[in-house]
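Asks: Here it is, the structure, as structure tokens.
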Amino acid sequence: MSFDVCLHISDALGRYGFGPGHPFNENRMDAFWREAQRRGLHQQVEVLETRPATRAELARFHHPGHIVRVESLSMTGDGYLDQGDTPAFKGVFEAASHVVGATLDGLARIMDGRVKRAFVPIAGLHHARPDGAAGFCVFNDCGVVIATLREQYDIKKIAYVDIDAHHGDGVFYAFESDPDLIFADLHEDGHYLYPGTGAASEQGSGPGKGKKLNIPLPPQTDDKAFFQEWQRVEAFVREAEPDFILLQCGADSIRNDPLTHMGLTPAAHGHVAARLVNIADELGHGRVMAVGGGGYDMTNLAEAWCEVVASLVGNKSS
Ligand SMILES: [Zn+2]
């Protein structure tokens with residue numbers, strides 16, 4: 001039996017977490033997967049193991065110094081990988097490499113036509129910079145996917161859409177001047193939330209000017225207000241006619257997340273994924289990859305990501 005969508009789940013992927021007292025802990029993948037099985041989604045997708053990314057793959061986006069530093073702190077598990085949000089743990093290099101490896105495997109399957117769409121729950125680590133970790137993000141799988149599309153598949157025009165509560169600064173600044181990286185990010189206003197960036201005035205620089213759409217939203221933004229702003233994102237992406245769509249569907253933009261102040265419901269995530277699938281199908285290639293991103297309330301992330309997977313499968317159209 002062949003499926004349109006692949007989904008990566010593995011013990012190695014589930015080990016990407018910073019301990020039981022940390023919001024980004026090792027329970028997140030299982031919380032999602034239990035709910036996916038309860039809804040029968042596991043029978044509608046191709047479920048795959050993960051592999052670690054190679055150092056050469058990581059180096060498509062990251063500076064060698066960062067890769068070596070993560071590898072070294074991974075052996076002792078001591079200290080922090082950034083200024084204090086992202087603690088090292090034993091095996092962090094392997095776990096973070098599996099996050100990137102899973103996205104690259106999903107990408108390869110989309111690009112060679114085995115599937116049309118892919119979902120990786122523990123991925124979308126959009127704060128990591130080329131030269132360092134940040135905000136619970138060790139390696140930026142989104143950045144590696146974008147670089148790989150260019151280097152390995154000759155795909156230039158890519159739409160990156162981010163509905164995580166936090167601004168996707170690691171992706172934005174790395175590709176700020178890139179005219180072919182169409183960037184659209186709806187996030188809680190940086191005046192109230194980490195990392196503080198993503199003002200509406202940040203529209204890209206140099207040749208990338210006008211190719212980035214940052215939409216800061218006030219705290220408590222609900223589905224109704226979100227959907228109004230979403231229209232702008234949809235028009236922006238549609239007009240660009242991207243050859244690939246990457247969705248970072250962080251679930252921390254849903255109400256009652258312990259780290260943010262947003263007011264969406266999981267239906268917003270399902271709607272966004274369905275609309276992007278629609279655009280990709282209209283463009284004729286159908287290529288959409290979704291990565292889980294943040295989300296620190298286990299019920300919220302399980303429900304939001306299941307809504308996204310259902311939309312990727314095509315269980316709903318809106
Ligand atoms: Zn987030």
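Each chain in the structure tokens gets a letter, A, B, ..., in the order shown, and its residues are numbered from 1; ligands are numbered from 1 in order too.
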Do you know which residues are at most 10 Å from A:Asp85 counting only C-alpha atoms, after dropping those on the same chain fewer than 3 positions away, and could you put them as a list in words?

Replies: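 Close residues of A:Asp85: Phe18, His22, Tyr80, Leu81, Asp82, Ala88, Ala133, Ala134, Gly135, Phe136 and Cys137 of chain A.
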
Asks: Please, could you write that set of residues out with C-alpha atoms as a JSON list (two decimals), in the first residue's frame?

Replies:
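After the write, part-v8.json holds the following:
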[["chain", "number", "residue", "atom", "x", "y", "z"],
["A", 18, "PHE", "CA", 16.03, 18.73, 27.93],
["A", 22, "HIS", "CA", 12.17, 21.55, 31.06],
["A", 80, "TYR", "CA", 24.61, 25.16, 28.15],
["A", 81, "LEU", "CA", 24.62, 25.26, 24.37],
["A", 82, "ASP", "CA", 23.48, 28.90, 24.41],
["A", 88, "ALA", "CA", 23.53, 20.26, 26.99],
["A", 133, "ALA", "CA", 22.13, 27.04, 19.46],
["A", 134, "ALA", "CA", 19.27, 29.22, 20.74],
["A", 135, "GLY", "CA", 15.86, 28.86, 22.36],
["A", 136, "PHE", "CA", 15.80, 25.02, 22.76],
["A", 137, "CYS", "CA", 17.07, 24.65, 19.18]]

Asks: Counting only C-alpha atoms, which residues in stretch 74-121 of chain A sit no more than 12 Å from stretch 299-306 of chain A? For each one, give the nearest pair of atoms and the distance in Å, sorted by chain then residue number, as a tab-separated table.

Replies:
residue	atom	partner	partner_atom	distance
A:Phe119	CA	A:Trp305	CA	9.0
A:Val120	CA	A:Trp305	CA	9.7
A:Pro121	CA	A:Trp305	CA	7.4

Asks: Got a sec: who's within 6 Å of stretch 160-177 of chain A, counting only C-alpha atoms, leaving out chain neighbours fewer than 3 positions off, as a list of chain:residue names?

Replies: A:His126, A:His127, A:Ala128, A:Arg129, A:Phe183, A:Ala184, A:Asp185, A:Leu186, A:His187, A:Glu188, A:Gly198, A:Gly204, A:Ser205, A:Gly206, A:Pro207, A:Gly208, A:Leu246, A:Leu247, A:Gln248, A:Cys249, A:Gly250, A:Asp252, A:Ser253

Asks: Write the residues of the selection above to a file with N, CA and C atoms, as a PDB file, in the first residue's frame.

Replies:
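Output file out.pdb is given in full below:
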ATOM      1  N   HIS A 126      13.591  26.426  14.781  1.00  0.00           N
ATOM      2  CA  HIS A 126      13.782  27.649  13.981  1.00  0.00           C
ATOM      3  C   HIS A 126      14.611  28.749  14.611  1.00  0.00           C
ATOM      4  N   HIS A 127      15.029  28.562  15.886  1.00  0.00           N
ATOM      5  CA  HIS A 127      15.858  29.611  16.502  1.00  0.00           C
ATOM      6  C   HIS A 127      17.356  29.391  16.316  1.00  0.00           C
ATOM      7  N   ALA A 128      17.766  28.151  16.021  1.00  0.00           N
ATOM      8  CA  ALA A 128      19.209  27.892  15.928  1.00  0.00           C
ATOM      9  C   ALA A 128      19.820  28.702  14.788  1.00  0.00           C
ATOM     10  N   ARG A 129      20.983  29.264  15.058  1.00  0.00           N
ATOM     11  CA  ARG A 129      21.690  30.079  14.063  1.00  0.00           C
ATOM     12  C   ARG A 129      22.785  29.239  13.423  1.00  0.00           C
ATOM     13  N   PHE A 183       9.363  34.135   2.957  1.00  0.00           N
ATOM     14  CA  PHE A 183       9.268  33.914   4.397  1.00  0.00           C
ATOM     15  C   PHE A 183       8.001  34.585   4.915  1.00  0.00           C
ATOM     16  N   ALA A 184       7.130  33.823   5.572  1.00  0.00           N
ATOM     17  CA  ALA A 184       5.915  34.408   6.162  1.00  0.00           C
ATOM     18  C   ALA A 184       5.759  33.865   7.578  1.00  0.00           C
ATOM     19  N   ASP A 185       5.677  34.757   8.537  1.00  0.00           N
ATOM     20  CA  ASP A 185       5.711  34.344   9.935  1.00  0.00           C
ATOM     21  C   ASP A 185       4.673  35.116  10.746  1.00  0.00           C
ATOM     22  N   LEU A 186       3.699  34.395  11.266  1.00  0.00           N
ATOM     23  CA  LEU A 186       2.712  34.959  12.200  1.00  0.00           C
ATOM     24  C   LEU A 186       3.144  34.555  13.605  1.00  0.00           C
ATOM     25  N   HIS A 187       3.331  35.520  14.473  1.00  0.00           N
ATOM     26  CA  HIS A 187       3.872  35.188  15.806  1.00  0.00           C
ATOM     27  C   HIS A 187       3.401  36.212  16.831  1.00  0.00           C
ATOM     28  N   GLU A 188       3.504  35.830  18.100  1.00  0.00           N
ATOM     29  CA  GLU A 188       3.171  36.790  19.150  1.00  0.00           C
ATOM     30  C   GLU A 188       4.180  37.937  19.093  1.00  0.00           C
ATOM     31  N   GLY A 198      10.981  40.217  14.622  1.00  0.00           N
ATOM     32  CA  GLY A 198       9.833  39.930  13.761  1.00  0.00           C
ATOM     33  C   GLY A 198       8.841  41.065  13.667  1.00  0.00           C
ATOM     34  N   GLY A 204      12.837  41.993   4.901  1.00  0.00           N
ATOM     35  CA  GLY A 204      13.954  41.479   4.120  1.00  0.00           C
ATOM     36  C   GLY A 204      14.909  42.603   3.777  1.00  0.00           C
ATOM     37  N   SER A 205      16.105  42.228   3.351  1.00  0.00           N
ATOM     38  CA  SER A 205      17.105  43.250   3.040  1.00  0.00           C
ATOM     39  C   SER A 205      17.720  42.984   1.670  1.00  0.00           C
ATOM     40  N   GLY A 206      18.284  44.018   1.087  1.00  0.00           N
ATOM     41  CA  GLY A 206      18.946  43.890  -0.217  1.00  0.00           C
ATOM     42  C   GLY A 206      18.020  43.258  -1.238  1.00  0.00           C
ATOM     43  N   PRO A 207      18.522  42.236  -1.952  1.00  0.00           N
ATOM     44  CA  PRO A 207      17.685  41.580  -2.965  1.00  0.00           C
ATOM     45  C   PRO A 207      16.477  40.853  -2.370  1.00  0.00           C
ATOM     46  N   GLY A 208      16.516  40.620  -1.046  1.00  0.00           N
ATOM     47  CA  GLY A 208      15.403  39.913  -0.383  1.00  0.00           C
ATOM     48  C   GLY A 208      14.289  40.840   0.072  1.00  0.00           C
ATOM     49  N   LEU A 246       7.477  24.785   3.098  1.00  0.00           N
ATOM     50  CA  LEU A 246       7.894  24.259   4.403  1.00  0.00           C
ATOM     51  C   LEU A 246       7.078  24.977   5.472  1.00  0.00           C
ATOM     52  N   LEU A 247       6.335  24.216   6.259  1.00  0.00           N
ATOM     53  CA  LEU A 247       5.482  24.790   7.322  1.00  0.00           C
ATOM     54  C   LEU A 247       6.048  24.442   8.689  1.00  0.00           C
ATOM     55  N   GLN A 248       6.321  25.469   9.490  1.00  0.00           N
ATOM     56  CA  GLN A 248       6.692  25.244  10.882  1.00  0.00           C
ATOM     57  C   GLN A 248       5.418  25.495  11.671  1.00  0.00           C
ATOM     58  N   CYS A 249       4.816  24.413  12.212  1.00  0.00           N
ATOM     59  CA  CYS A 249       3.479  24.528  12.816  1.00  0.00           C
ATOM     60  C   CYS A 249       3.544  24.415  14.338  1.00  0.00           C
ATOM     61  N   GLY A 250       4.381  25.235  14.949  1.00  0.00           N
ATOM     62  CA  GLY A 250       4.516  25.231  16.407  1.00  0.00           C
ATOM     63  C   GLY A 250       3.169  25.381  17.101  1.00  0.00           C
ATOM     64  N   ASP A 252       2.690  26.211  20.213  1.00  0.00           N
ATOM     65  CA  ASP A 252       2.676  27.137  21.357  1.00  0.00           C
ATOM     66  C   ASP A 252       1.866  28.404  21.062  1.00  0.00           C
ATOM     67  N   SER A 253       1.301  28.485  19.853  1.00  0.00           N
ATOM     68  CA  SER A 253       0.400  29.608  19.553  1.00  0.00           C
ATOM     69  C   SER A 253      -1.046  29.277  19.950  1.00  0.00           C
TER      70      SER A 253
END

Asks: Might you pull out every residue within 6 Å of stretch 228-244 of chain A, with only C-alpha atoms counted and same-chain residues fewer than 2 positions away left off, and present them as a PyMOL selection string?

Replies: chain A and resi 157-159+225-226+287

Asks: Report the distance between atom CA of A:Gly106 and atom CA of A:Gln43 in Å, rounded to one decimal place.

Replies: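 A separation of 17.6 Å between them.
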
Asks: Identify, on the basis of only C-alpha atoms, every residue whose closest approach to stretch 274-279 of chain A does not exceed 9 Å; exclude the query and any residue fewer than 5 positions from it along the same chain; express the result as a CSV table (one decimal) with C-alpha atoms, in the first residue's frame.

Replies:
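For reference, selection.csv as written:
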chain,number,residue,atom,x,y,z
A,117,ARG,CA,4.0,15.4,1.8
A,234,GLU,CA,-1.9,33.0,1.7
A,237,VAL,CA,2.7,32.6,-0.8
A,238,ARG,CA,0.3,32.1,-3.7
A,241,GLU,CA,4.5,30.4,-6.8
A,245,ILE,CA,6.4,24.8,0.9
A,247,LEU,CA,5.5,24.8,7.3
A,269,HIS,CA,-3.2,24.7,12.6
A,284,GLY,CA,1.1,21.3,-9.7
A,286,GLY,CA,2.0,19.3,-4.2
A,287,ARG,CA,5.2,19.5,-2.1
A,288,VAL,CA,4.6,20.3,1.5
A,308,VAL,CA,-2.0,19.2,10.6
A,310,ALA,CA,-5.1,15.1,8.9
A,311,SER,CA,-4.8,18.1,6.5
A,312,LEU,CA,-1.7,16.7,4.9
A,314,GLY,CA,-6.4,15.2,3.0
A,316,LYS,CA,-10.4,17.8,5.4
A,317,SER,CA,-10.5,20.7,3.0
A,318,SER,CA,-11.3,24.2,4.0

Asks: Measuring atom to atom with only C-alpha atoms and all ligand atoms, identify which of A:Glu35, A:Glu71, A:Glu307, A:Asp257 is nearest to ligand 1.

Replies: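 Going through A:Glu35, A:Glu71, A:Glu307, A:Asp257 one by one, the smallest distance to ligand 1 is for A:Asp257.
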
Asks: Just give me the gap between atom CA of A:Arg55 and atom CA of A:Ile9 in Å, one decimal is fine.

Replies: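 Here the two named atoms are 21.6 Å from each other.
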
Asks: Go ahead and compute the interatomic distance for atom CA of A:Arg109 and atom CA of A:Gly40, in Å to one decimal.

Replies: 22.5 Å

Asks: Enumerate the residues of stretch 99-253 of chain A with a DSSP assignment of alpha helix (DSSP H), computed from the backbone, and present them as an MDAnalysis selection string.

Replies: chainID A and resid 99:111 141:153 169:174 223:240

Asks: Would you mind telling me which residue in A:Val100, A:Ala108, A:Ala251, A:Ala147 lies nearest to ligand 1 when using only C-alpha atoms and all ligand atoms?

Replies: A:Ala251

Asks: Here is a test: counting only C-alpha atoms, which residue of A:Val138, A:Leu48, A:Ile110, A:Ala290 is nearest to A:His62?

Replies: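 Of A:Val138, A:Leu48, A:Ile110, A:Ala290, the one nearest A:His62, counting only C-alpha atoms, is A:Val138.
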
Asks: Write out as a PyMOL selection string each polymer residue whose atoms come within 6 Å of A:Gly14, counting only C-alpha atoms; drop sequence neighbours fewer than 3 positions from it.

Replies: chain A and resi 11+26+29

Asks: Give the strand (DSSP E) residues of stretch 72-254 of chain A, as assigned by DSSP on the backbone, as a PyMOL selection string.

Replies: chain A and resi 117-120+158-162+181-188+212-217+244-248

Asks: Keeping only C-alpha atoms, write the selected residues to a file as a CSV table (one decimal), in the first residue's frame.

Replies:
chain,number,residue,atom,x,y,z
A,117,ARG,CA,4.0,15.4,1.8
A,118,ALA,CA,5.9,14.8,5.1
A,119,PHE,CA,5.5,15.5,8.8
A,120,VAL,CA,8.3,15.4,11.4
A,158,ILE,CA,10.9,28.0,-1.4
A,159,ALA,CA,8.1,29.3,0.9
A,160,TYR,CA,8.8,29.0,4.6
A,161,VAL,CA,5.6,29.6,6.6
A,162,ASP,CA,5.8,29.8,10.4
A,181,LEU,CA,13.2,32.3,0.2
A,182,ILE,CA,9.7,33.5,0.6
A,183,PHE,CA,9.3,33.9,4.4
A,184,ALA,CA,5.9,34.4,6.2
A,185,ASP,CA,5.7,34.3,9.9
A,186,LEU,CA,2.7,35.0,12.2
A,187,HIS,CA,3.9,35.2,15.8
A,188,GLU,CA,3.2,36.8,19.2
A,212,LYS,CA,9.6,38.5,3.9
A,213,LEU,CA,6.3,39.0,5.7
A,214,ASN,CA,6.4,39.3,9.4
A,215,ILE,CA,3.0,39.6,11.2
A,216,PRO,CA,3.3,40.3,14.9
A,217,LEU,CA,0.0,39.5,16.7
A,244,PHE,CA,8.3,23.8,-2.3
A,245,ILE,CA,6.4,24.8,0.9
A,246,LEU,CA,7.9,24.3,4.4
A,247,LEU,CA,5.5,24.8,7.3
A,248,GLN,CA,6.7,25.2,10.9

Asks: With only C-alpha atoms as the atoms that count, which of A:Ile254, A:Pro179, A:Val145, A:Phe227 lies nearest to A:Pro266?

Replies: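 Looking at the shortest contact to A:Pro266, the residue is A:Ile254.
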
Asks: Nearest residue to ligand 1 out of A:Asp78, A:Glu57, A:Asp281, A:Asp297, using only C-alpha atoms and all ligand atoms?

Replies: A:Asp297

Asks: Measuring between only C-alpha atoms, which one of A:Thr103, A:Pro52, A:Gly19, A:Asp180 shows the shortest distance to A:Gly210?

Replies: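 The shortest atom-to-atom distance to A:Gly210 comes from A:Asp180.
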
Asks: Considering only C-alpha atoms, return as a compact mmCIF listing (two decimals) with N, CA and C atoms, in the first residue's frame whatever protein or nucleic-acid residues lie within 6 Å of A:Phe93, sequence-local ones (same chain, fewer than 3 positions apart) excluded.

Replies:
# COMPACT_ATOMS: atom_id res chain seq x y z
N VAL A 70 28.82 21.22 19.79
CA VAL A 70 27.69 20.39 20.23
C VAL A 70 28.18 18.96 20.48
N GLU A 71 29.01 18.48 19.57
CA GLU A 71 29.54 17.11 19.70
C GLU A 71 30.33 16.97 20.99
N SER A 74 28.11 17.16 24.09
CA SER A 74 27.25 15.98 24.09
C SER A 74 27.89 14.82 24.85
N ALA A 96 19.89 15.57 18.24
CA ALA A 96 19.70 16.72 17.34
C ALA A 96 19.99 16.32 15.89
N SER A 97 20.94 15.40 15.71
CA SER A 97 21.25 14.92 14.35
C SER A 97 20.09 14.11 13.79
